[in-house]
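Asks: Quick one: this structure, given as structure tokens, is what I'll be asking you about.
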Amino acid sequence: MKRALVLGLAVMMIVLWCAPASAQYKATMKLASATAPDHPYNLGAQKFADLIKERTKDRIQIKIYPSLQLGKGEREMIEGVQQGAIELLVTSTGPLGGFSPSINILDFPFLFRDFNHVDLVMDGSIGRKLLDDFGKVNVQGLAFWENGFRHLTNSKLVIKKVEDGKGLKIRTMENKVHLAAWKSAGFNPTPWPGERFSLRCNRA
């Protein structure tokens, strides 16, 4: 497994639950993401698509749709997976809690000690349980991917300790764990829709 984010934001690929493919099965599947074509989400997705094409001898091909081509935001694209309009999606865990509450555990800050701790947890029974829980809402979790560390950035002041940011207005994803964590640290978080958050991060 590629390492999940240490400080709270993992990346996950989900897929519409479907029957196993037979030797005669052929399909072209849509894989969506909210990020730009050169983002690591889509570079990983392309590698995934290449391997699927190779190992199925061209019977299954995956076409990648980056940059919100298949939805206004990650939440809408997750719903598209549920409804069968999209077969595959690479998404942050932020909006997934609204579909499978157990995944919210990964958004707690400072949850893991180090990368080895992350790998032990996410490659083990806990990670498998979190993925399997999505079967309850008509999707199948495939894997956790790395999305790097979360950083706090702002245009107002240098923050070296938590107290430095007291009262600072920041934006975060529409995720109750994120909001509660920032509030408890004394910040003033404002939820922004995932698509606006993602696109702003891509331009940064």
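Identifiers for the structure tokens are assigned positionally: chains receive A, B, ... in sequence, residues are indexed from 1 per chain, and ligands are indexed from 1 in the order shown.
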Could you please write out, as a PyMOL selection string, every residue of segment 23-157 of chain A that DSSP assigns to alpha helix (DSSP H)?
Replies: chain A and resi 40-55+74-83+115-122+125-132
Asks: Emit the selected residues as a short mmCIF file (atom, residue, chain, number, x, y, z; two decimals), in the first residue's frame, including N, CA and C atoms.
Replies:
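File produced: result38.cif:
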```cif
data_model
loop_
_atom_site.label_atom_id
_atom_site.label_comp_id
_atom_site.auth_asym_id
_atom_site.auth_seq_id
_atom_site.Cartn_x
_atom_site.Cartn_y
_atom_site.Cartn_z
N PRO A 40 -0.96 13.94 -8.68
CA PRO A 40 -0.63 12.54 -8.33
C PRO A 40 -1.84 11.61 -8.33
N TYR A 41 -3.03 12.11 -8.00
CA TYR A 41 -4.23 11.27 -8.08
C TYR A 41 -4.32 10.62 -9.47
N ASN A 42 -4.17 11.47 -10.49
CA ASN A 42 -4.39 11.00 -11.85
C ASN A 42 -3.18 10.26 -12.42
N LEU A 43 -2.00 10.58 -11.94
CA LEU A 43 -0.83 9.80 -12.34
C LEU A 43 -0.94 8.38 -11.81
N GLY A 44 -1.39 8.26 -10.56
CA GLY A 44 -1.62 6.93 -10.00
C GLY A 44 -2.76 6.21 -10.70
N ALA A 45 -3.79 6.97 -11.03
CA ALA A 45 -4.94 6.38 -11.74
C ALA A 45 -4.53 5.86 -13.11
N GLN A 46 -3.64 6.60 -13.79
CA GLN A 46 -3.18 6.15 -15.10
C GLN A 46 -2.38 4.86 -15.00
N LYS A 47 -1.54 4.75 -13.97
CA LYS A 47 -0.79 3.52 -13.76
C LYS A 47 -1.74 2.36 -13.48
N PHE A 48 -2.76 2.62 -12.68
CA PHE A 48 -3.79 1.62 -12.39
C PHE A 48 -4.47 1.18 -13.69
N ALA A 49 -4.83 2.15 -14.51
CA ALA A 49 -5.50 1.84 -15.78
C ALA A 49 -4.60 1.01 -16.69
N ASP A 50 -3.31 1.36 -16.74
CA ASP A 50 -2.37 0.62 -17.57
C ASP A 50 -2.26 -0.84 -17.13
N LEU A 51 -2.20 -1.04 -15.81
CA LEU A 51 -2.08 -2.40 -15.28
C LEU A 51 -3.34 -3.22 -15.55
N ILE A 52 -4.50 -2.58 -15.40
CA ILE A 52 -5.75 -3.29 -15.66
C ILE A 52 -5.83 -3.70 -17.13
N LYS A 53 -5.47 -2.79 -18.01
CA LYS A 53 -5.50 -3.10 -19.44
C LYS A 53 -4.56 -4.25 -19.77
N GLU A 54 -3.36 -4.21 -19.20
CA GLU A 54 -2.37 -5.25 -19.47
C GLU A 54 -2.82 -6.61 -18.93
N ARG A 55 -3.30 -6.62 -17.69
CA ARG A 55 -3.59 -7.89 -17.03
C ARG A 55 -4.92 -8.50 -17.47
N GLU A 74 -16.54 16.35 -5.26
CA GLU A 74 -16.31 14.97 -4.88
C GLU A 74 -17.58 14.29 -4.37
N ARG A 75 -18.37 15.01 -3.61
CA ARG A 75 -19.60 14.43 -3.08
C ARG A 75 -20.53 13.99 -4.22
N GLU A 76 -20.68 14.83 -5.22
CA GLU A 76 -21.55 14.49 -6.35
C GLU A 76 -21.01 13.29 -7.12
N MET A 77 -19.68 13.20 -7.23
CA MET A 77 -19.10 12.07 -7.96
C MET A 77 -19.22 10.77 -7.16
N ILE A 78 -19.16 10.85 -5.84
CA ILE A 78 -19.40 9.65 -5.02
C ILE A 78 -20.82 9.15 -5.26
N GLU A 79 -21.76 10.08 -5.31
CA GLU A 79 -23.14 9.71 -5.60
C GLU A 79 -23.25 9.08 -6.99
N GLY A 80 -22.43 9.58 -7.94
CA GLY A 80 -22.41 9.00 -9.27
C GLY A 80 -21.95 7.55 -9.25
N VAL A 81 -20.98 7.25 -8.39
CA VAL A 81 -20.53 5.87 -8.23
C VAL A 81 -21.66 5.02 -7.65
N GLN A 82 -22.32 5.53 -6.63
CA GLN A 82 -23.44 4.79 -6.03
C GLN A 82 -24.51 4.45 -7.06
N GLN A 83 -24.78 5.38 -7.95
CA GLN A 83 -25.86 5.21 -8.92
C GLN A 83 -25.44 4.45 -10.17
N PHE A 115 5.22 6.91 9.44
CA PHE A 115 4.78 6.20 8.24
C PHE A 115 4.62 4.71 8.49
N ASN A 116 5.52 4.13 9.27
CA ASN A 116 5.41 2.70 9.54
C ASN A 116 4.11 2.37 10.26
N HIS A 117 3.73 3.25 11.18
CA HIS A 117 2.47 3.07 11.91
C HIS A 117 1.29 3.13 10.94
N VAL A 118 1.35 4.08 10.01
CA VAL A 118 0.29 4.20 9.00
C VAL A 118 0.16 2.90 8.22
N ASP A 119 1.29 2.39 7.74
CA ASP A 119 1.26 1.18 6.91
C ASP A 119 0.72 -0.02 7.68
N LEU A 120 1.11 -0.16 8.93
CA LEU A 120 0.64 -1.28 9.73
C LEU A 120 -0.88 -1.23 9.90
N VAL A 121 -1.40 -0.03 10.12
CA VAL A 121 -2.84 0.11 10.33
C VAL A 121 -3.62 -0.05 9.03
N MET A 122 -3.20 0.69 7.99
CA MET A 122 -3.99 0.72 6.77
C MET A 122 -3.85 -0.55 5.94
N SER A 125 -6.06 -5.19 9.38
CA SER A 125 -7.49 -5.46 9.51
C SER A 125 -8.32 -4.17 9.66
N ILE A 126 -7.74 -3.14 10.26
CA ILE A 126 -8.49 -1.89 10.43
C ILE A 126 -8.73 -1.24 9.07
N GLY A 127 -7.68 -1.13 8.25
CA GLY A 127 -7.84 -0.57 6.91
C GLY A 127 -8.82 -1.37 6.08
N ARG A 128 -8.74 -2.69 6.18
CA ARG A 128 -9.66 -3.55 5.42
C ARG A 128 -11.10 -3.33 5.87
N LYS A 129 -11.31 -3.17 7.17
CA LYS A 129 -12.67 -2.94 7.68
C LYS A 129 -13.22 -1.61 7.18
N LEU A 130 -12.39 -0.58 7.16
CA LEU A 130 -12.84 0.72 6.67
C LEU A 130 -13.25 0.64 5.20
N LEU A 131 -12.49 -0.10 4.41
CA LEU A 131 -12.84 -0.26 3.00
C LEU A 131 -14.11 -1.09 2.84
N ASP A 132 -14.21 -2.17 3.61
CA ASP A 132 -15.37 -3.05 3.50
C ASP A 132 -16.67 -2.37 3.91
#
```
Asks: Please identify all polymer residues within 12 Å of Gln24 of chain A, counting only C-alpha atoms, omitting same-chain residues fewer than 5 positions from it, and present them as a list in words.
Replies: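 Near Gln24 of chain A, the qualifying residues are Thr56, Lys57, Asp58, Arg59 and Ile60 of chain A.
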Asks: Identify which of the residues A:Leu142, A:Leu88, A:Ile103, A:Ala185 lies closest to Glu163 of chain A, counting only C-alpha atoms when measuring atom-to-atom distances.
Replies: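 Of the candidates, the smallest distance to Glu163 of chain A is held by A:Ala185.
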Asks: Enumerate, as number ranges by chain, the complete set of residues in segment 149-194 of chain A that a backbone-based DSSP assignment places in strand (DSSP E).
Replies: A: 169-173, 188-192
Asks: When you look at Pro95 of chain A with a cut-off of 9 Å (counting only C-alpha atoms), what residues show up, excluding the ones that are within fewer than 2 positions of it in the same chain? I need them as a list in words.
Replies: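 Here the qualifying residues turn out to be Glu74, Arg75, Ile78, Thr91, Ser92, Thr93, Gly97, Gly98, Phe99, Met173, Glu174, Asn175 and Gly194 of chain A.
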Asks: Keeping only N, CA, C and O atoms, write the selected residues to a file as an mmCIF file, in the first residue's frame.
Replies:
```cif
data_model
loop_
_atom_site.group_PDB
_atom_site.id
_atom_site.type_symbol
_atom_site.label_atom_id
_atom_site.label_comp_id
_atom_site.auth_asym_id
_atom_site.auth_seq_id
_atom_site.Cartn_x
_atom_site.Cartn_y
_atom_site.Cartn_z
ATOM 1 N N GLU A 74 -16.541 16.351 -5.258
ATOM 2 C CA GLU A 74 -16.306 14.966 -4.880
ATOM 3 C C GLU A 74 -17.578 14.290 -4.369
ATOM 4 O O GLU A 74 -17.844 13.125 -4.687
ATOM 5 N N ARG A 75 -18.367 15.014 -3.606
ATOM 6 C CA ARG A 75 -19.602 14.428 -3.082
ATOM 7 C C ARG A 75 -20.531 13.986 -4.223
ATOM 8 O O ARG A 75 -21.082 12.881 -4.203
ATOM 9 N N ILE A 78 -19.160 10.846 -5.841
ATOM 10 C CA ILE A 78 -19.401 9.654 -5.017
ATOM 11 C C ILE A 78 -20.822 9.151 -5.258
ATOM 12 O O ILE A 78 -21.071 7.950 -5.393
ATOM 13 N N THR A 91 -10.729 9.887 -4.618
ATOM 14 C CA THR A 91 -11.256 10.999 -3.837
ATOM 15 C C THR A 91 -10.552 11.109 -2.500
ATOM 16 O O THR A 91 -9.965 10.148 -2.014
ATOM 17 N N SER A 92 -10.610 12.282 -1.914
ATOM 18 C CA SER A 92 -10.136 12.440 -0.546
ATOM 19 C C SER A 92 -11.155 11.812 0.395
ATOM 20 O O SER A 92 -12.303 11.569 0.032
ATOM 21 N N THR A 93 -10.733 11.559 1.622
ATOM 22 C CA THR A 93 -11.661 10.976 2.587
ATOM 23 C C THR A 93 -12.643 12.008 3.137
ATOM 24 O O THR A 93 -13.667 11.638 3.697
ATOM 25 N N GLY A 97 -17.161 10.615 4.720
ATOM 26 C CA GLY A 97 -17.816 10.372 6.001
ATOM 27 C C GLY A 97 -19.325 10.502 5.944
ATOM 28 O O GLY A 97 -20.029 9.907 6.752
ATOM 29 N N GLY A 98 -19.816 11.274 4.976
ATOM 30 C CA GLY A 98 -21.255 11.411 4.813
ATOM 31 C C GLY A 98 -21.903 10.166 4.243
ATOM 32 O O GLY A 98 -23.123 10.043 4.253
ATOM 33 N N PHE A 99 -21.095 9.251 3.755
ATOM 34 C CA PHE A 99 -21.595 8.011 3.182
ATOM 35 C C PHE A 99 -21.281 6.814 4.086
ATOM 36 O O PHE A 99 -22.115 5.934 4.266
ATOM 37 N N MET A 173 -12.282 21.719 4.493
ATOM 38 C CA MET A 173 -13.284 20.928 3.785
ATOM 39 C C MET A 173 -14.565 20.818 4.595
ATOM 40 O O MET A 173 -14.571 21.061 5.806
ATOM 41 N N GLU A 174 -15.634 20.445 3.928
ATOM 42 C CA GLU A 174 -16.917 20.222 4.612
ATOM 43 C C GLU A 174 -16.845 18.871 5.335
ATOM 44 O O GLU A 174 -17.367 17.869 4.861
ATOM 45 N N ASN A 175 -16.199 18.884 6.473
ATOM 46 C CA ASN A 175 -15.952 17.657 7.212
ATOM 47 C C ASN A 175 -16.009 17.995 8.689
ATOM 48 O O ASN A 175 -15.268 18.844 9.176
ATOM 49 N N GLY A 194 -15.987 20.854 -1.329
ATOM 50 C CA GLY A 194 -14.773 20.150 -1.712
ATOM 51 C C GLY A 194 -14.227 20.541 -3.061
ATOM 52 O O GLY A 194 -13.019 20.621 -3.256
#
```
